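All remarks here apply to the structure that follows.
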Amino acid sequence: MGRLGCILYITAFLILAHQTWLFSEPQRLAPLTETLQGYGIHQMPSKEDYPESGAVVVLSEQEYRQFGEAHEKRIHKIIKILTHSGSSAATVALPCPTSCRIEGRTIKSDGRMIALPSRDVVRSQNRSEFSSAFSAVQFVFPSAEPGDVLEYIATLSYVEPFFVDDYRFAENYPVLKGVLILTHPDDFSYSYIRVSPPDTSVSVRTDQVQEATFHRIRTIFVVNNVAALAEEPYSSGFQDTNPGVRLFIQVMSGHKIDFFTDWQKFGGFIGKAFIAKTLRTGPIKDFVQEQISKSSDPTQQLRSIHDAADRRIEIDSSPGRALSGFPYQTAEEVFKSGWGTPEDFALFLATCYRNMNWAVDLILVNSSEKPRASATSAFPPDLDLVLLKVKTTTGEFYIDCNSNGMNVGMLSSSSMNRFAVGIPVLMDFQSVPPMGYVMATPSLDVVQSRMDVTLRPEAQAWNLQAHWSMQGDLYQQLSAYRIQEGDARLSTKIGELVRSELHARIQRVDYKMQAGEVVVDATGSVPRRSMGGGITLLQSPAEDAGLHLSSSLFQDRGTPVILPIRGEVSVTYHIQPEAGQSLSIPQSYRVDCNPVQYTFSAGLANRELTIEEKWLIRDLKIAPESFPKFLQLAQYASEAHHWSVLSSATDQFSASPIQNVSLIPFASVAPTQSLAIHQNQKIVTPAAALSNEPQVPCADAQRVQLTGSLNKGNLLIRVKNLTSQPIDNFDLIIEYTAFGRPSSRRAELHQDVSIPPQASHFIGSPEEAMYDSARITVRFSQKGVSHQCGPFQIGSN
Amino acid sequence: MRAVPDWFELMKTIVTLLLIFWNAMLFAAGYQIMEKSDTVTIQSGTLATEHHVLVVRILTSQGTHYAEELAVNSYIEVSGVQGSVSCRTGKPRNIEHGDVTEVPYLQSAGYITDVNTLIIQPPDLEPGCEVTLQYDRTIKSLLFLTSWVYRSSVPIQKAYLSVTYPHAMNLRYSSLDPSITVKKNENGATSTLELQTSNQPAQTIFGDSRSESDVEKSVDLLPQECVLDTWKLSTENWASVGAWYQSMSAGATDADELMSAVVGSIVQQQKDPEKIAAALYEYIQKNFFYVAMEMGIGGYKPRRAVQTFAKKHGDCKDLAFLYIALLKTAGIEAYPALIDARWHTTLNPDFPSPLQFNHCIVYIPKIRGGIWIDCTAKRMKLGQIPSVLQGRSALVPGLNQMVKLPDLNVQSNVIHMTITGKLSGTTMEMIGKIDTTGDLSEILSSDEDSISARDRNRYVRSALLEDSLPLEGFQTTAKTTDELEVHLTSDASSAGPYKLFLVNPVRYPALENLSFSPEKNQYFSLGPSRSYELMTEADLGSVRIVSPLERKQVNGKYLNYTLETKSEAGKFVYRLNVSFTNGYLDDAQMKDYQSELQQFSDDLIRVVVIAN
């Protein structure tokens, strides 16, 4: 039977199956105790077991059932309401794809059962001649109150095969037992990666089941006692502490699908769809011609095309990207509609640039918001940001396509210094299949916000003059606002921004936007507060450009903090005292807490008090292990940021010596990380990067070869096993310095890995650990005998 | 409590849907309505047909995302959608079938409706393009007749409404402002009302509890006699509207044996009607949860109390009728009361119509001379009502008259915070309590029976305290359902011979309005009134206080405050009481308000200087 025939057969069979419920077991709720005992739950939890939760999900089971070209998702939940606030669990809304079936009931505390009447299951119905993009089903459990158990099974049918899911077990309420089941025919195959945070274990077992005349393979994942999802500020939508299973297809109807496991092949898969069309005539050709006619300089041409496209096309990064087929809009569609996803925008630009005969690579980036991706752990949903790399005759340029308002060469904080997959963009006439390559995105030094505030005394107030420069993400936000709302609205917005950042009576605000920078000048006044005894008080009038790193951010928290921006945020005050008055000088601090440095300095020179406050952020993600140190950092910063200066004619104030604080957070380095090194704006492959690494004088050189390199904080170490025996009990010790300050502590990283004979093991730090230099030592054992290699020094000492 | 209660949610939903896109254009429309023409033909007391024509000009790139959204449900059919897009370059393009999509209106799991949205997305828009759109609506209940919006967040160059109706029908409509010209014609058996206006500027609203519908201007239409399902509605006067609702809800307050048993157990313990009413109110609050289910007639008609009692959930009118049923069983006279819970609408007494209400509460006339109860409010005590309802008039079916609710204003929404501190070296350890009343009780009540200590700390801190202030420690402990104990620690900073310590960490959200730049035709919603009462009492030992001891009292138009520092019984006492009023301000009023806020900000003392 040919492929087409096979598909028709499967389709016909599926239709039959839907009519006769051949595949789907009768949807009947079994006796509750029987169901629970089947999962080893012998006692229903009580309020005492979960004193801080309104409800508990006793069983949360989700099953993917793959049939030929289609699949079903079956959701089975058993929820106990513990308090009145848990009653919200009684309202349920589900998407209803091709079809959906619902069965539910409320089991009262006295054992009575009240079935969910079908009339109470509300399905959205088409009420016009126009097609519906989606439909939904909603219901409320009858008579639900604290003490009751709610149970439902929903079966949702999809017309496409099941490809991939990053399934997570945590829900809004704690889950006692989470179960994920995947069943599929034997001509399908899936792989999985279990995500088991500390203290949680996802167990797995596989068996075969017989359904009618078909053998089906079933894989069951189980997890116990999952904490409720936490809503925390500065948190990514994805929580590392949430156990789960990453499922992806490998064989579909007997055909191997390898692009979910290999970045190179994934790059090839994307590259086949991400094709630049040859522009012969038409509106895009005219558009390109109009832009390049403004200058003969390729750099200017590149910028002109980008900027015009940025003004014309709204980038909408909210819709999730489809994973089966990547249905990009064509460049023509994007140009017409004026709307597109980041990928659509990138394809539009790539089409323009490739038609200029410039080499273009699509760069898909793993942001801090997503689980960490690496060269050896491919999972395409982890790539959530889109860049282009364009090579003209005048240079190589990055373009961040994730939001409007960016300039050529500018990267958002979340795009910088991250693992990425590069994919050369082909023209429609090219037949060579593209291949992906792994890389790290550049790390740029960005001054996000720099404000200079001058305060001069007047009779009733301090005269204030502020000069504020915003670049990077702050510039992008204002630039995007200008594109969307126009100059008049931008002017209002900047006025509001200045007033929210400066606690002063602002009288005048002027601004100008220039290449990659917004410059604001403001004047106003700050009241002089008389505090009695002939002294007056001046308090810090400026905020921190929205950074808000308060101590509460790190208290009682479980999920990593994702900082909003990287780079520098600083305010410098120049305070001129009144004649005959002396000014108190706040305590100076310098607090290092890798990857963040906070400095606050105050000093009197030439009768002017200068106070400088500066944040330097070199990475966005702060892991929970580091929170105790960051809590201290935030407390120092909060204390310093709210500076008070007393002015007195009778008192003489003197400065306290600077207080240096070195807070060494836990520096985690991902295992099995292989990275390209970013060198002077050029991306080189790992092999090329490693060829330049210093080799280490190793005491046991016949056993291992240890090489390493450091570039802009990116640490890459390769341990090669030269022997015919595996290396085990691998232990890496890094003694490092950051921000130019040597550390007296060291991070010991116990890597639970084994290095096979003649194989290399890579360790890299694409983020989190930002080093100036490091001393590396490797300890390992073979057949129970310990060895050591190093230490060796990389980076400047 | 729900910030925006739900009654007649269906109507609100439809209005909301019609305005969804305008809301999206809140900060800049990017397009303007060149012309809108709405032609309504009322065939009978139950049927009308409408023809709508809209001409929209795209002004900016933001406007190229213009889409029209129409609500459809079992009473509203939309057909004959057609239109075209004309741009400066290229041929005009017709709006095609594929440019229109229908989607369900899915707001949350707890809001269930049969309303769908028809989204018309004109293709290939660019600045300068003009979209012409027309469609027909068939209305099967005249309560869903078009609401003629003539001023909104989008500029409207020209708006026209024509309503043709049987001569014998008395068509009523809500009030008109002088910018509208009115013409009436009679032609044989039919009459025609024509309304027209032009050059209406865009109006927008900012601030708390804002909704674009708060500032839009529209005319509602309703014949004096019409029929909703089988219930005849007369809008001759308020009494007739009340009678309509009474007939539609007949039997809804009947109780069954199980309900009687609940009442019986309470009456056994309490004899005083007020205590019985309070106990039954608490019973509703603790045992029933709110779900908005607006399906067809259910948007207006309450479920029977026995149904709600069995289901354990309902919307505002379901819960109100259940409460009334329980009260009746206990022998306490009670009535439903229809009211408007939108912040900035005012009742038009000359247009008796159910369209003026969106919420249902309960009126008990013989307790304390008449009290009002909102059964969707989870933490209020008997007699307390959300501030959005205070001072409004409600229609009481049964009494069939309008009754005014008391206006408690700022006194009903108060946060009290009392702290006692002791200075040891450079550390100020403070312990105190926080309690709230009225709407602000939500701050303490957020799922109080299930919130973790960790989440409560974070929630209370972010809601009540200025987060960026240098507070080293902050812990809360729930003492009762109305009160929290707080522990705070802060370090006094040294400045030569002086120390500065923090006495006021309270967050005043109103101060964030200082950055807002008011513009013409922009309105600002202050949201609910709020009062903050803070007292910090600190034991400084023998340390001398340098800061002056003073008392300042300011009574402004929009906020009043008293700030006092004094020494009392060997302790330093700091007291700040401030009340921010509610309201709805235009640009000039907003500037006055900001001026008062600025003065408050200047006067606000957060730290005190003491000798080192």
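Residue numbering restarts at 1 for every chain of the structure tokens, chains are lettered A, B, ... in their displayed order, and ligands are numbered from 1 as they appear.
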Given only C-alpha atoms, how would the per-residue table for chain A near chain B read, listing every residue at most 6 Å away with its closest atom pair and distance in Å to one decimal, sorted by chain and number, as a Markdown table?
| residue | atom | partner | partner_atom | distance |
| --- | --- | --- | --- | --- |
| A:Glu52 | CA | B:Ser450 | CA | 4.5 |
| A:Ser53 | CA | B:Ser450 | CA | 4.5 |
| A:Gly54 | CA | B:Ser450 | CA | 4.9 |
| A:Ser85 | CA | B:Asp447 | CA | 5.7 |
| A:Thr91 | CA | B:Ala109 | CA | 5.5 |
| A:Val92 | CA | B:Ala109 | CA | 5.2 |
| A:Ala93 | CA | B:Ala109 | CA | 4.8 |
| A:Ser124 | CA | B:Pro104 | CA | 5.9 |
| A:Phe130 | CA | B:Thr101 | CA | 5.6 |
| A:Ser131 | CA | B:Thr101 | CA | 5.6 |
| A:Ser132 | CA | B:Glu102 | CA | 4.6 |
| A:Pro142 | CA | B:Lys311 | CA | 4.8 |
| A:Ser143 | CA | B:Lys311 | CA | 4.0 |
| A:Lys336 | CA | B:Asp124 | CA | 5.2 |
| A:Ser337 | CA | B:Asp124 | CA | 5.3 |
| A:Gln484 | CA | B:Gln62 | CA | 5.3 |
| A:Glu485 | CA | B:Ala28 | CA | 5.9 |
| A:Glu496 | CA | B:Ser515 | CA | 4.7 |
| A:Arg499 | CA | B:Ser515 | CA | 4.7 |
| A:Ser500 | CA | B:Ser515 | CA | 5.2 |
| A:Met531 | CA | B:Ser547 | CA | 4.5 |
| A:Gly532 | CA | B:Pro548 | CA | 5.1 |
| A:Ser550 | CA | B:Ser468 | CA | 5.8 |
| A:Asp556 | CA | B:Arg454 | CA | 5.9 |
| A:Ser584 | CA | B:Ala495 | CA | 5.7 |
| A:Ser638 | CA | B:Pro470 | CA | 5.0 |
| A:Glu639 | CA | B:Pro470 | CA | 5.2 |
| A:Phe653 | CA | B:Gly496 | CA | 5.2 |
Based on DSSP run over this structure's backbone, return all residues of range 240-277 of chain A in alpha helix (DSSP H), as a list in words.
Trp263, Gln264, Lys265, Phe266, Gly267, Gly268, Phe269, Ile270, Gly271, Lys272 and Ala273 of chain A
Taking the DSSP assignment computed from this structure's backbone, write out as a list in words all residues of range 219-297 of chain A that belong to strand (DSSP E or B).
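Matching residues for strand (DSSP E or B) in range 219-297 of chain A are Thr219, Ile220, Phe221, Val222, Val223, Asn224, Asn225, Val226, Gly244, Val245, Arg246, Leu247, Phe248, Ile249, Gln250, Val251, Met252, His255, Lys256, Ile275 and Ala276 of chain A.
Interatomic distance, CA of Leu464 in chain B to CA of Pro560 in chain A: 24.7 Å.
The neighbours of Phe580 in chain B here are the residues that come within 6 Å of it, using only C-alpha atoms and leaving out any residue fewer than 2 positions away in the same chain; they are B:Ser529, B:Arg530, B:Leu559.
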Show which residues sit within 7 Å of Pro185 in chain A, as a list in words. Count only C-alpha atoms, and ignore same-chain residues fewer than 5 positions away.
Phe67, His215, Arg216 and Ile217 of chain A
Selected residues written out, all heavy atoms, as an mmCIF file, in the first residue's frame:
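This went into result_28.cif:
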data_model
loop_
_atom_site.group_PDB
_atom_site.id
_atom_site.type_symbol
_atom_site.label_atom_id
_atom_site.label_comp_id
_atom_site.auth_asym_id
_atom_site.auth_seq_id
_atom_site.Cartn_x
_atom_site.Cartn_y
_atom_site.Cartn_z
ATOM 1 N N PHE A 67 -3.435 7.756 17.268
ATOM 2 C CA PHE A 67 -3.980 6.843 16.255
ATOM 3 C C PHE A 67 -3.597 7.389 14.895
ATOM 4 O O PHE A 67 -4.105 8.454 14.518
ATOM 5 C CB PHE A 67 -5.512 6.799 16.273
ATOM 6 C CG PHE A 67 -6.117 6.707 17.646
ATOM 7 C CD1 PHE A 67 -6.777 7.794 18.185
ATOM 8 C CD2 PHE A 67 -6.048 5.542 18.363
ATOM 9 C CE1 PHE A 67 -7.363 7.711 19.425
ATOM 10 C CE2 PHE A 67 -6.629 5.466 19.609
ATOM 11 C CZ PHE A 67 -7.290 6.546 20.152
ATOM 12 N N HIS A 215 -2.000 -4.132 18.836
ATOM 13 C CA HIS A 215 -1.056 -4.003 19.946
ATOM 14 C C HIS A 215 -0.725 -2.531 20.087
ATOM 15 O O HIS A 215 -0.402 -1.875 19.106
ATOM 16 C CB HIS A 215 0.249 -4.742 19.624
ATOM 17 C CG HIS A 215 0.149 -6.209 19.815
ATOM 18 N ND1 HIS A 215 -0.071 -6.796 21.038
ATOM 19 C CD2 HIS A 215 0.235 -7.216 18.909
ATOM 20 C CE1 HIS A 215 -0.112 -8.106 20.893
ATOM 21 N NE2 HIS A 215 0.052 -8.393 19.607
ATOM 22 N N ARG A 216 -0.780 -2.066 21.267
ATOM 23 C CA ARG A 216 -0.403 -0.663 21.471
ATOM 24 C C ARG A 216 0.617 -0.591 22.604
ATOM 25 O O ARG A 216 0.553 -1.345 23.571
ATOM 26 C CB ARG A 216 -1.632 0.191 21.791
ATOM 27 C CG ARG A 216 -2.579 0.257 20.595
ATOM 28 C CD ARG A 216 -3.896 0.926 20.932
ATOM 29 N NE ARG A 216 -3.735 2.306 21.345
ATOM 30 C CZ ARG A 216 -3.484 3.321 20.519
ATOM 31 N NH1 ARG A 216 -3.359 3.102 19.227
ATOM 32 N NH2 ARG A 216 -3.381 4.528 20.984
ATOM 33 N N ILE A 217 1.517 0.346 22.441
ATOM 34 C CA ILE A 217 2.571 0.497 23.447
ATOM 35 C C ILE A 217 2.139 1.601 24.405
ATOM 36 O O ILE A 217 1.680 2.671 23.965
ATOM 37 C CB ILE A 217 3.912 0.851 22.772
ATOM 38 C CG1 ILE A 217 4.318 -0.322 21.880
ATOM 39 C CG2 ILE A 217 4.987 1.153 23.815
ATOM 40 C CD1 ILE A 217 5.379 0.005 20.869
#
